[in-house]
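A.B. asks: What follows is protein-v9.cif, made up of mmCIF, C-alpha atoms:
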data_run
#
loop_
_atom_site.group_PDB
_atom_site.id
_atom_site.type_symbol
_atom_site.label_atom_id
_atom_site.label_comp_id
_atom_site.auth_asym_id
_atom_site.auth_seq_id
_atom_site.Cartn_x
_atom_site.Cartn_y
_atom_site.Cartn_z
ATOM 1 C CA MET A 1 24.472 -0.652 -14.667
ATOM 2 C CA ASP A 2 22.330 -3.775 -14.920
ATOM 3 C CA SER A 3 21.843 -3.604 -11.181
ATOM 4 C CA ILE A 4 20.016 -0.266 -11.577
ATOM 5 C CA PHE A 5 18.176 -0.787 -14.857
ATOM 6 C CA GLY A 6 17.203 -4.409 -14.215
ATOM 7 C CA LEU A 7 15.122 -5.858 -11.391
ATOM 8 C CA TRP A 8 16.125 -4.605 -7.924
ATOM 9 C CA HIS A 9 16.783 -7.695 -5.846
ATOM 10 C CA TRP A 10 14.983 -8.331 -2.588
ATOM 11 C CA TYR A 11 18.053 -7.703 -0.438
ATOM 12 C CA ILE A 12 18.262 -4.172 -1.870
ATOM 13 C CA ALA A 13 14.565 -3.326 -2.163
ATOM 14 C CA GLY A 14 13.343 -4.917 1.088
ATOM 15 C CA PRO A 15 15.729 -3.057 3.420
ATOM 16 C CA LEU A 16 15.145 0.187 1.470
ATOM 17 C CA ILE A 17 11.385 -0.143 2.006
ATOM 18 C CA GLY A 18 12.002 -0.886 5.696
ATOM 19 C CA LEU A 19 14.104 2.287 6.024
ATOM 20 C CA PHE A 20 11.040 4.392 5.166
ATOM 21 C CA VAL A 21 9.721 3.568 8.643
ATOM 22 C CA PRO A 22 12.495 5.388 10.588
ATOM 23 C CA ALA A 23 13.035 8.000 7.849
ATOM 24 C CA LEU A 24 9.405 9.146 7.960
ATOM 25 C CA LEU A 25 9.328 9.030 11.767
ATOM 26 C CA ILE A 26 12.530 11.012 12.234
ATOM 27 C CA CYS A 27 12.298 13.491 9.359
ATOM 28 C CA LEU A 28 8.548 14.155 9.273
ATOM 29 C CA ASN A 29 7.183 12.483 12.452
ATOM 30 C CA LYS A 30 4.832 10.498 10.186
ATOM 31 C CA ARG A 31 3.712 6.907 10.368
ATOM 32 C CA LEU A 32 3.928 5.021 7.069
ATOM 33 C CA GLY A 33 0.530 4.264 5.547
ATOM 34 C CA ILE A 34 -1.275 4.704 2.270
ATOM 35 C CA SER A 35 -4.897 3.610 2.290
ATOM 36 C CA SER A 36 -6.351 6.586 4.189
ATOM 37 C CA SER A 37 -5.350 8.663 1.143
ATOM 38 C CA PHE A 38 -8.419 7.086 -0.521
ATOM 39 C CA GLU A 39 -10.610 8.930 1.985
ATOM 40 C CA HIS A 40 -8.780 12.174 1.388
ATOM 41 C CA ILE A 41 -9.230 11.904 -2.392
ATOM 42 C CA CYS A 42 -12.921 11.005 -1.916
ATOM 43 C CA MET A 43 -13.394 14.105 0.224
ATOM 44 C CA LEU A 44 -11.817 16.317 -2.416
ATOM 45 C CA LEU A 45 -14.146 14.832 -5.043
ATOM 46 C CA LEU A 46 -17.372 14.956 -3.022
ATOM 47 C CA PRO A 47 -19.599 17.958 -2.269
ATOM 48 C CA GLU A 48 -19.055 19.423 1.185
ATOM 49 C CA ASP A 49 -22.247 18.068 2.781
ATOM 50 C CA LYS A 50 -21.202 14.467 2.000
ATOM 51 C CA ARG A 51 -17.710 14.742 3.515
ATOM 52 C CA SER A 52 -18.672 14.353 7.155
ATOM 53 C CA ILE A 53 -19.070 10.547 6.877
ATOM 54 C CA PHE A 54 -15.307 10.154 6.640
ATOM 55 C CA ARG A 55 -14.216 11.667 9.974
ATOM 56 C CA PHE A 56 -10.838 12.163 8.291
ATOM 57 C CA ASN A 57 -7.964 13.127 10.589
ATOM 58 C CA LYS A 58 -6.098 15.637 8.443
ATOM 59 C CA GLU A 59 -3.411 16.266 11.048
ATOM 60 C CA GLU A 60 -2.419 12.573 11.057
ATOM 61 C CA ASN A 61 -3.178 11.549 7.469
ATOM 62 C CA GLY A 62 -3.255 14.724 5.357
ATOM 63 C CA TRP A 63 0.360 14.284 4.218
ATOM 64 C CA LYS A 64 -0.412 11.026 2.438
ATOM 65 C CA ILE A 65 -1.997 12.681 -0.576
ATOM 66 C CA PHE A 66 1.377 14.282 -1.301
ATOM 67 C CA PHE A 67 3.090 10.965 -0.635
ATOM 68 C CA VAL A 68 0.927 9.075 -3.165
ATOM 69 C CA ALA A 69 1.365 11.860 -5.737
ATOM 70 C CA GLY A 70 5.099 11.288 -5.281
ATOM 71 C CA ILE A 71 4.649 7.521 -5.710
ATOM 72 C CA MET A 72 3.044 8.167 -9.106
ATOM 73 C CA LEU A 73 5.885 10.461 -10.150
ATOM 74 C CA GLY A 74 8.533 8.037 -8.879
ATOM 75 C CA ALA A 75 6.943 5.136 -10.751
ATOM 76 C CA PHE A 76 6.816 7.237 -13.929
ATOM 77 C CA PHE A 77 10.483 8.113 -13.512
ATOM 78 C CA ALA A 78 11.472 4.498 -12.788
ATOM 79 C CA ALA A 79 9.517 3.147 -15.764
ATOM 80 C CA HIS A 80 10.834 5.704 -18.259
ATOM 81 C CA PHE A 81 14.349 6.513 -17.142
ATOM 82 C CA LEU A 82 15.504 3.623 -14.933
ATOM 83 C CA SER A 83 14.360 0.624 -16.963
ATOM 84 C CA SER A 84 16.098 -1.047 -19.872
ATOM 85 C CA THR A 85 12.873 -2.710 -21.074
ATOM 86 C CA ALA A 86 9.305 -1.369 -21.033
ATOM 87 C CA PRO A 87 7.780 -2.461 -17.717
ATOM 88 C CA HIS A 88 4.920 -4.911 -17.879
ATOM 89 C CA PHE A 89 2.968 -5.094 -14.627
ATOM 90 C CA LEU A 90 -0.542 -6.077 -15.681
ATOM 91 C CA PRO A 91 -1.497 -9.058 -17.846
ATOM 92 C CA ASP A 92 -2.860 -8.322 -21.328
ATOM 93 C CA LYS A 93 -6.283 -9.656 -20.344
ATOM 94 C CA TYR A 94 -6.801 -6.510 -18.237
ATOM 95 C CA TYR A 95 -6.599 -4.362 -21.366
ATOM 96 C CA SER A 96 -10.222 -5.079 -22.278
ATOM 97 C CA ALA A 97 -13.697 -3.988 -21.203
ATOM 98 C CA GLN A 98 -14.010 -7.170 -19.156
ATOM 99 C CA GLY A 99 -10.635 -6.486 -17.591
ATOM 100 C CA TYR A 100 -11.619 -2.943 -16.594
ATOM 101 C CA VAL A 101 -14.728 -4.271 -14.855
ATOM 102 C CA LYS A 102 -12.671 -6.887 -13.027
ATOM 103 C CA LEU A 103 -10.118 -4.269 -11.900
ATOM 104 C CA PHE A 104 -12.904 -1.926 -10.764
ATOM 105 C CA ILE A 105 -14.520 -4.675 -8.683
ATOM 106 C CA GLY A 106 -11.146 -5.780 -7.323
ATOM 107 C CA GLY A 107 -10.364 -2.145 -6.553
ATOM 108 C CA MET A 108 -13.631 -1.830 -4.636
ATOM 109 C CA LEU A 109 -12.587 -4.785 -2.475
ATOM 110 C CA VAL A 110 -9.206 -3.101 -1.885
ATOM 111 C CA GLY A 111 -10.801 0.243 -0.921
ATOM 112 C CA PHE A 112 -13.569 -1.271 1.207
ATOM 113 C CA GLY A 113 -11.309 -3.869 2.830
ATOM 114 C CA THR A 114 -8.408 -1.587 3.709
ATOM 115 C CA ARG A 115 -10.681 1.012 5.283
ATOM 116 C CA TYR A 116 -12.587 -1.672 7.190
ATOM 117 C CA ALA A 117 -9.257 -3.117 8.372
ATOM 118 C CA ASN A 118 -7.970 0.391 9.152
ATOM 119 C CA GLY A 119 -4.791 -0.129 7.150
ATOM 120 C CA CYS A 120 -3.098 -1.912 4.275
ATOM 121 C CA THR A 121 0.175 -3.617 3.457
ATOM 122 C CA SER A 122 2.127 -0.484 4.337
ATOM 123 C CA GLY A 123 0.230 0.651 7.452
ATOM 124 C CA HIS A 124 -0.237 -2.820 8.963
ATOM 125 C CA THR A 125 2.288 -5.150 7.332
ATOM 126 C CA ILE A 126 5.305 -2.848 7.126
ATOM 127 C CA PHE A 127 4.651 -0.235 9.811
ATOM 128 C CA GLY A 128 2.432 -2.177 12.222
ATOM 129 C CA LEU A 129 4.657 -5.247 12.213
ATOM 130 C CA SER A 130 7.724 -3.021 12.671
ATOM 131 C CA LEU A 131 6.070 -1.876 15.914
ATOM 132 C CA LEU A 132 5.470 -5.561 16.784
ATOM 133 C CA GLN A 133 1.728 -4.916 17.105
ATOM 134 C CA SER A 134 -0.379 -8.066 17.359
ATOM 135 C CA SER A 135 -3.378 -6.277 15.799
ATOM 136 C CA SER A 136 -1.355 -5.618 12.649
ATOM 137 C CA LEU A 137 -0.180 -9.245 12.596
ATOM 138 C CA LYS A 138 -3.794 -10.418 12.634
ATOM 139 C CA ALA A 139 -4.651 -7.982 9.835
ATOM 140 C CA THR A 140 -1.637 -9.142 7.803
ATOM 141 C CA LEU A 141 -2.590 -12.801 8.198
ATOM 142 C CA ALA A 142 -6.095 -11.890 7.009
ATOM 143 C CA PHE A 143 -4.671 -10.085 3.934
ATOM 144 C CA PHE A 144 -2.728 -13.201 2.979
ATOM 145 C CA ALA A 145 -5.614 -15.542 3.732
ATOM 146 C CA GLY A 146 -7.843 -13.520 1.379
ATOM 147 C CA GLY A 147 -5.210 -13.488 -1.360
ATOM 148 C CA LEU A 148 -4.454 -17.191 -1.015
ATOM 149 C CA ILE A 149 -8.145 -18.125 -1.125
ATOM 150 C CA TYR A 150 -8.798 -16.080 -4.263
ATOM 151 C CA THR A 151 -5.665 -17.214 -6.094
ATOM 152 C CA PHE A 152 -6.236 -20.866 -5.198
ATOM 153 C CA PHE A 153 -9.748 -20.847 -6.655
ATOM 154 C CA ALA A 154 -8.848 -18.708 -9.667
ATOM 155 C CA TYR A 155 -5.950 -21.005 -10.513
ATOM 156 C CA HIS A 156 -7.503 -24.393 -9.921
ATOM 157 C CA PHE A 157 -11.091 -23.910 -11.095
ATOM 158 C CA MET B 1 8.082 22.878 2.597
ATOM 159 C CA LYS B 2 6.831 19.839 4.501
ATOM 160 C CA ASN B 3 4.602 18.893 1.575
ATOM 161 C CA ILE B 4 7.600 18.933 -0.773
ATOM 162 C CA GLY B 5 9.348 16.561 1.619
ATOM 163 C CA CYS B 6 6.326 14.233 1.470
ATOM 164 C CA ILE B 7 6.391 14.290 -2.337
ATOM 165 C CA LEU B 8 10.134 13.533 -2.389
ATOM 166 C CA TYR B 9 9.670 10.584 -0.032
ATOM 167 C CA GLY B 10 6.811 9.430 -2.267
ATOM 168 C CA ILE B 11 9.036 9.624 -5.353
ATOM 169 C CA ALA B 12 11.702 7.513 -3.664
ATOM 170 C CA PHE B 13 9.073 5.018 -2.472
ATOM 171 C CA GLY B 14 7.537 4.833 -5.966
ATOM 172 C CA ILE B 15 10.934 4.134 -7.531
ATOM 173 C CA VAL B 16 11.673 1.287 -5.121
ATOM 174 C CA LEU B 17 8.197 -0.248 -5.538
ATOM 175 C CA THR B 18 8.481 -0.096 -9.320
ATOM 176 C CA LYS B 19 12.059 -1.307 -9.685
ATOM 177 C CA SER B 20 11.526 -4.244 -7.304
ATOM 178 C CA GLU B 21 8.334 -5.103 -9.236
ATOM 179 C CA VAL B 22 6.205 -5.474 -6.115
ATOM 180 C CA ILE B 23 3.604 -3.561 -8.156
ATOM 181 C CA SER B 24 3.450 -6.404 -10.689
ATOM 182 C CA TRP B 25 0.327 -8.558 -10.897
ATOM 183 C CA PHE B 26 2.611 -11.433 -11.931
ATOM 184 C CA ARG B 27 4.737 -11.136 -8.775
ATOM 185 C CA ILE B 28 1.621 -11.039 -6.562
ATOM 186 C CA GLN B 29 0.268 -14.100 -8.358
ATOM 187 C CA ASN B 30 3.554 -15.965 -7.856
ATOM 188 C CA MET B 31 3.556 -15.005 -4.186
ATOM 189 C CA PHE B 32 0.070 -16.392 -3.557
ATOM 190 C CA LEU B 33 0.912 -19.552 -5.548
ATOM 191 C CA PHE B 34 4.203 -19.956 -3.599
ATOM 192 C CA LYS B 35 6.035 -20.031 -6.936
ATOM 193 C CA GLU B 36 8.765 -17.586 -5.952
ATOM 194 C CA ALA B 37 10.112 -16.124 -2.732
ATOM 195 C CA HIS B 38 10.713 -12.581 -4.066
ATOM 196 C CA MET B 39 7.715 -10.900 -2.384
ATOM 197 C CA TYR B 40 8.110 -12.792 0.897
ATOM 198 C CA LEU B 41 11.798 -11.865 1.105
ATOM 199 C CA ILE B 42 11.059 -8.201 0.370
ATOM 200 C CA ILE B 43 8.277 -7.975 2.950
ATOM 201 C CA GLY B 44 10.305 -9.977 5.478
ATOM 202 C CA SER B 45 13.480 -7.918 5.127
ATOM 203 C CA ALA B 46 11.492 -4.650 5.108
ATOM 204 C CA VAL B 47 9.811 -5.588 8.402
ATOM 205 C CA ALA B 48 13.135 -6.736 9.877
ATOM 206 C CA VAL B 49 14.806 -3.410 9.040
ATOM 207 C CA GLY B 50 11.731 -1.441 10.162
ATOM 208 C CA ALA B 51 11.480 -3.308 13.474
ATOM 209 C CA LEU B 52 15.197 -2.976 14.183
ATOM 210 C CA SER B 53 15.023 0.758 13.428
ATOM 211 C CA VAL B 54 12.074 1.259 15.774
ATOM 212 C CA GLN B 55 13.917 -0.617 18.542
ATOM 213 C CA LEU B 56 16.976 1.606 18.051
ATOM 214 C CA ILE B 57 14.831 4.755 18.029
ATOM 215 C CA LYS B 58 13.237 3.677 21.303
ATOM 216 C CA ARG B 59 16.492 2.517 22.906
ATOM 217 C CA PHE B 60 18.342 5.757 22.140
ATOM 218 C CA GLN B 61 15.242 7.942 22.507
ATOM 219 C CA VAL B 62 15.827 9.487 19.101
ATOM 220 C CA LYS B 63 13.884 12.705 18.511
ATOM 221 C CA THR B 64 12.566 14.044 15.216
ATOM 222 C CA LEU B 65 14.740 16.474 13.275
ATOM 223 C CA ARG B 66 12.697 19.290 14.822
ATOM 224 C CA GLY B 67 13.385 17.893 18.278
ATOM 225 C CA GLU B 68 9.859 16.558 18.870
ATOM 226 C CA GLU B 69 9.029 13.328 20.676
ATOM 227 C CA ILE B 70 8.332 10.558 18.146
ATOM 228 C CA THR B 71 4.779 9.206 18.448
ATOM 229 C CA TYR B 72 3.576 5.807 17.241
ATOM 230 C CA SER B 73 -0.233 5.796 17.706
ATOM 231 C CA GLY B 74 -1.018 2.062 17.758
ATOM 232 C CA LYS B 75 -4.163 0.653 16.225
ATOM 233 C CA PRO B 76 -6.351 -1.204 18.778
ATOM 234 C CA PHE B 77 -7.729 -4.452 17.365
ATOM 235 C CA ASN B 78 -11.326 -4.913 16.242
ATOM 236 C CA LYS B 79 -13.094 -7.544 14.119
ATOM 237 C CA GLY B 80 -12.820 -5.299 11.061
ATOM 238 C CA PHE B 81 -9.078 -6.012 10.927
ATOM 239 C CA VAL B 82 -9.854 -9.633 10.061
ATOM 240 C CA ILE B 83 -13.057 -9.234 8.006
ATOM 241 C CA GLY B 84 -11.790 -6.172 6.131
ATOM 242 C CA GLY B 85 -8.369 -7.791 5.841
ATOM 243 C CA LEU B 86 -9.853 -10.848 4.097
ATOM 244 C CA ILE B 87 -11.836 -8.611 1.723
ATOM 245 C CA PHE B 88 -8.731 -6.574 0.917
ATOM 246 C CA GLY B 89 -6.744 -9.787 0.317
ATOM 247 C CA LEU B 90 -9.231 -10.886 -2.342
ATOM 248 C CA GLY B 91 -8.931 -7.518 -4.081
ATOM 249 C CA TRP B 92 -5.138 -7.611 -3.809
ATOM 250 C CA ALA B 93 -5.035 -10.962 -5.630
ATOM 251 C CA ILE B 94 -7.478 -9.805 -8.334
ATOM 252 C CA THR B 95 -5.845 -6.460 -9.117
ATOM 253 C CA GLY B 96 -2.242 -7.344 -8.318
ATOM 254 C CA ALA B 97 -2.041 -4.116 -6.358
ATOM 255 C CA CYS B 98 -2.319 -3.022 -2.754
ATOM 256 C CA PRO B 99 -2.962 0.720 -2.231
ATOM 257 C CA GLY B 100 0.578 2.068 -2.828
ATOM 258 C CA PRO B 101 1.120 0.024 -5.991
ATOM 259 C CA ILE B 102 -2.201 1.219 -7.460
ATOM 260 C CA PHE B 103 -0.667 4.693 -7.698
ATOM 261 C CA ALA B 104 2.639 3.244 -8.909
ATOM 262 C CA GLN B 105 0.988 1.182 -11.657
ATOM 263 C CA ILE B 106 -0.765 4.320 -12.918
ATOM 264 C CA GLY B 107 2.497 6.276 -12.849
ATOM 265 C CA ALA B 108 4.334 3.471 -14.650
ATOM 266 C CA GLY B 109 1.826 3.748 -17.487
ATOM 267 C CA GLU B 110 -0.434 0.752 -16.842
ATOM 268 C CA TYR B 111 -3.552 2.840 -17.406
ATOM 269 C CA PRO B 112 -6.127 0.083 -16.588
ATOM 270 C CA ALA B 113 -5.044 0.663 -12.965
ATOM 271 C CA LEU B 114 -7.133 3.856 -13.172
ATOM 272 C CA PHE B 115 -10.124 1.504 -12.930
ATOM 273 C CA THR B 116 -8.562 -0.090 -9.853
ATOM 274 C CA LEU B 117 -8.214 3.370 -8.283
ATOM 275 C CA ALA B 118 -11.781 4.341 -9.204
ATOM 276 C CA GLY B 119 -12.930 1.092 -7.595
ATOM 277 C CA ALA B 120 -10.840 1.706 -4.471
ATOM 278 C CA LEU B 121 -12.277 5.211 -4.002
ATOM 279 C CA THR B 122 -15.781 3.809 -4.480
ATOM 280 C CA GLY B 123 -15.038 1.016 -2.010
ATOM 281 C CA ALA B 124 -13.764 3.473 0.616
ATOM 282 C CA PHE B 125 -16.910 5.577 0.132
ATOM 283 C CA VAL B 126 -19.170 2.521 0.427
ATOM 284 C CA TYR B 127 -17.388 1.427 3.625
ATOM 285 C CA HIS B 128 -17.922 4.799 5.274
ATOM 286 C CA SER B 129 -21.553 4.856 4.132
ATOM 287 C CA VAL B 130 -22.361 1.506 5.765
ATOM 288 C CA LYS B 131 -19.784 1.244 8.573
ATOM 289 C CA THR B 132 -22.267 1.814 11.411
ATOM 290 C CA LYS B 133 -24.098 -1.364 10.330
ATOM 291 C CA LEU B 134 -20.941 -3.530 10.172
ATOM 292 C CA PRO B 135 -19.438 -5.616 13.002
ATOM 293 C CA HIS B 136 -16.352 -4.001 14.512
#
Output the file's structure in the form of structure tokens.

C.D. replies:
Amino acid sequence: MDSIFGLWHWYIAGPLIGLFVPALLICLNKRLGISSSFEHICMLLLPEDKRSIFRFNKEENGWKIFFVAGIMLGAFFAAHFLSSTAPHFLPDKYYSAQGYVKLFIGGMLVGFGTRYANGCTSGHTIFGLSLLQSSSLKATLAFFAGGLIYTFFAYHF
Amino acid sequence: MKNIGCILYGIAFGIVLTKSEVISWFRIQNMFLFKEAHMYLIIGSAVAVGALSVQLIKRFQVKTLRGEEITYSGKPFNKGFVIGGLIFGLGWAITGACPGPIFAQIGAGEYPALFTLAGALTGAFVYHSVKTKLPH
């Protein structure tokens, strides 16, 4: 049972994540992606006259709001019923006013950056690379460059 | 019915993300510091399986369950992929979460991730407010 309640190893989790690409294509004719759900949520929160700036393609991306709702439920289920110890995903320093500000700013970079790049780790790195698209490879290299730069400076200075 | 299918796929995706700990700030940190291979192996094997599946779908001209032609809609490159990608990478390292894991962290009970989500929604709004002035 340890193999279910403990950490799922890469050779289980990685292929499972990869299988979402064909599963979503074949079952729902959908292309894996997450970050355009931000636009959808924004539109639901904003008054109607402000929504036009998004040019949101509901036909292509409207399903993702259900997908991310599922992700939340799945994570809840995994944390409460499939884990032997309480999961710990964020460092304690983020449980403070300063931490909230840092997460908000970091979140802004995630929202701004993924929309500017027209995709995130799922849309470009998993799905785009699965299609062998060079544009998604460039985006992925940029994601990692940004992360490496930040972590290097945060760690060494 | 289709929406229920999307939620079920989301639940499965959320379970895998959570149980493999790719939603952990600590794992992201260790990836960017090259301290452990976990994240690289997960991303690498996911892409390998995804790419192989797409090749098989194309080779055998697999149709959707409803018999439709499968469409891929590629994303033509523009400068935003690199500039926006760098900006996203910074945020990924700070928050320990890319977009999917933000939702998973919230679901798993790490409530500070609500601030990450609020920031991400704000960031998406800001991008669309200024996008005509940005290089693409």

A.B. asks: Work out how far atom CA of Ser73 of chain B is from atom CA of Cys27 of chain A, in Å to one decimal.

C.D. replies: 16.9 Å

A.B. asks: Which one is closest to chain B: A:Phe67, A:Gly6, A:Glu48, A:His124? Count all atoms listed in the file.

C.D. replies: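 Of A:Phe67, A:Gly6, A:Glu48, A:His124, the one nearest chain B is A:Phe67, counting all atoms listed in the file.
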
A.B. asks: Give me the result of the PyMOL selection byres ((chain B and resi 34-50) around 7) on this file, residue by residue, as a ChimeraX atom specification.

C.D. replies: /A:10,13-15,17-19,21-22,126,129-130 /B:22,30-33,51-54

A.B. asks: Write a file of the just-selected residues containing C-alpha atoms, as an mmCIF file, in the coordinates of the input.

C.D. replies:
data_model
loop_
_atom_site.group_PDB
_atom_site.id
_atom_site.type_symbol
_atom_site.label_atom_id
_atom_site.label_comp_id
_atom_site.auth_asym_id
_atom_site.auth_seq_id
_atom_site.Cartn_x
_atom_site.Cartn_y
_atom_site.Cartn_z
ATOM 1 C CA TRP A 10 14.983 -8.331 -2.588
ATOM 2 C CA ALA A 13 14.565 -3.326 -2.163
ATOM 3 C CA GLY A 14 13.343 -4.917 1.088
ATOM 4 C CA PRO A 15 15.729 -3.057 3.420
ATOM 5 C CA ILE A 17 11.385 -0.143 2.006
ATOM 6 C CA GLY A 18 12.002 -0.886 5.696
ATOM 7 C CA LEU A 19 14.104 2.287 6.024
ATOM 8 C CA VAL A 21 9.721 3.568 8.643
ATOM 9 C CA PRO A 22 12.495 5.388 10.588
ATOM 10 C CA ILE A 126 5.305 -2.848 7.126
ATOM 11 C CA LEU A 129 4.657 -5.247 12.213
ATOM 12 C CA SER A 130 7.724 -3.021 12.671
ATOM 13 C CA VAL B 22 6.205 -5.474 -6.115
ATOM 14 C CA ASN B 30 3.554 -15.965 -7.856
ATOM 15 C CA MET B 31 3.556 -15.005 -4.186
ATOM 16 C CA PHE B 32 0.070 -16.392 -3.557
ATOM 17 C CA LEU B 33 0.912 -19.552 -5.548
ATOM 18 C CA ALA B 51 11.480 -3.308 13.474
ATOM 19 C CA LEU B 52 15.197 -2.976 14.183
ATOM 20 C CA SER B 53 15.023 0.758 13.428
ATOM 21 C CA VAL B 54 12.074 1.259 15.774
#

A.B. asks: Hey, can you pull every residue with an atom no more than 10 Å from (11.3, 11.4, 14.1), using all atoms listed in the file, and send it as a PyMOL selection string?

C.D. replies: (chain A and resi 21-31) or (chain B and resi 57+61-71)

A.B. asks: For this file, the PyMOL selection byres ((chain A and resi 142) around 9) selects which residues, as a list of chain:residue names?

C.D. replies: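 Evaluating the PyMOL selection byres ((chain A and resi 142) around 9) on these coordinates yields A:Leu137, A:Lys138, A:Ala139, A:Thr140, A:Leu141, A:Phe143, A:Phe144, A:Ala145, A:Gly146, A:Gly147, B:Phe81, B:Val82, B:Ile83, B:Gly84, B:Gly85, B:Leu86, B:Ile87, B:Phe88, B:Gly89.
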
A.B. asks: To one decimal in Å, tell me the separation between atom CA of Gly74 of chain B and atom CA of Ile15 of chain B.

C.D. replies: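 Going from atom CA of Gly74 of chain B over to atom CA of Ile15 of chain B covers 28.0 Å.
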
A.B. asks: What is the atom CA of Ile41 of chain A to atom CA of Phe112 of chain A distance in Å?

C.D. replies: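 A separation of 14.3 Å between them.
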
A.B. asks: Which is closest to chain B among A:Glu39, A:Asp49, A:Glu60, A:Asp92, if we use only C-alpha atoms?

C.D. replies: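 Nearest candidate to chain B out of A:Glu39, A:Asp49, A:Glu60, A:Asp92: A:Glu39.
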
A.B. asks: Which residue gives the smallest distance to Ala104 of chain B among A:Phe76, A:Phe157, A:Phe127, A:Tyr95, with all atoms listed in the file counted?

C.D. replies: A:Phe76

A.B. asks: Scan for residues within 12 Å of the point (-3.7, 2.4, -12.9) in the coordinates of the file, using only C-alpha atoms, and reply as a PyMOL selection string.

C.D. replies: (chain A and resi 72+75-76+89-90+94-95+100+103-104+107) or (chain B and resi 23-25+95-120)

A.B. asks: Name the residues that the PyMOL selection byres ((chain B and resi 122-130) around 7) pulls out of this structure, and write them as an mmCIF file with C-alpha atoms, in the frame of the given file.

C.D. replies:
data_model
loop_
_atom_site.group_PDB
_atom_site.id
_atom_site.type_symbol
_atom_site.label_atom_id
_atom_site.label_comp_id
_atom_site.auth_asym_id
_atom_site.auth_seq_id
_atom_site.Cartn_x
_atom_site.Cartn_y
_atom_site.Cartn_z
ATOM 1 C CA PHE A 38 -8.419 7.086 -0.521
ATOM 2 C CA GLU A 39 -10.610 8.930 1.985
ATOM 3 C CA ILE A 53 -19.070 10.547 6.877
ATOM 4 C CA PHE A 54 -15.307 10.154 6.640
ATOM 5 C CA MET A 108 -13.631 -1.830 -4.636
ATOM 6 C CA LEU A 109 -12.587 -4.785 -2.475
ATOM 7 C CA GLY A 111 -10.801 0.243 -0.921
ATOM 8 C CA PHE A 112 -13.569 -1.271 1.207
ATOM 9 C CA ARG A 115 -10.681 1.012 5.283
ATOM 10 C CA TYR A 116 -12.587 -1.672 7.190
ATOM 11 C CA ALA B 118 -11.781 4.341 -9.204
ATOM 12 C CA GLY B 119 -12.930 1.092 -7.595
ATOM 13 C CA ALA B 120 -10.840 1.706 -4.471
ATOM 14 C CA LEU B 121 -12.277 5.211 -4.002
ATOM 15 C CA LYS B 131 -19.784 1.244 8.573
ATOM 16 C CA THR B 132 -22.267 1.814 11.411
ATOM 17 C CA LYS B 133 -24.098 -1.364 10.330
ATOM 18 C CA LEU B 134 -20.941 -3.530 10.172
#

A.B. asks: Name the closest residue to Lys58 of chain B among the candidates B:Asn3, B:Ala12, B:Tyr72, B:Asn78; distances are taken between atoms, counting all atoms listed in the file.

C.D. replies: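 Distance minimum relative to Lys58 of chain B lands on B:Tyr72.
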
A.B. asks: Show which residues sit within 10 Å of Gly62 of chain A, as a ChimeraX atom specification. Count only C-alpha atoms, and ignore same-chain residues fewer than 2 positions away.

C.D. replies: /A:36-37,39-40,56-60,64-67 /B:3

A.B. asks: For each of A:Gly70, A:Phe77, A:Lys93, A:Gly123, take the minimum atom-to-atom distance to chain B, counting all atoms listed in the file, then give the residue where this is smallest.

C.D. replies: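 Between A:Gly70, A:Phe77, A:Lys93, A:Gly123, the residue approaching chain B most closely is A:Gly70.
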
A.B. asks: Kindly list the centre and edge lengths in Å, rounded to one decimal, for the axis-aligned box that covers all listed atoms of segment 14-21 of chain B plus 4 Å on each of its six sides, as lines of an AutoDock Vina configuration file.

C.D. replies:
center_x = 9.8
center_y = -0.1
center_z = -7.4
size_x = 12.5
size_y = 17.9
size_z = 12.6
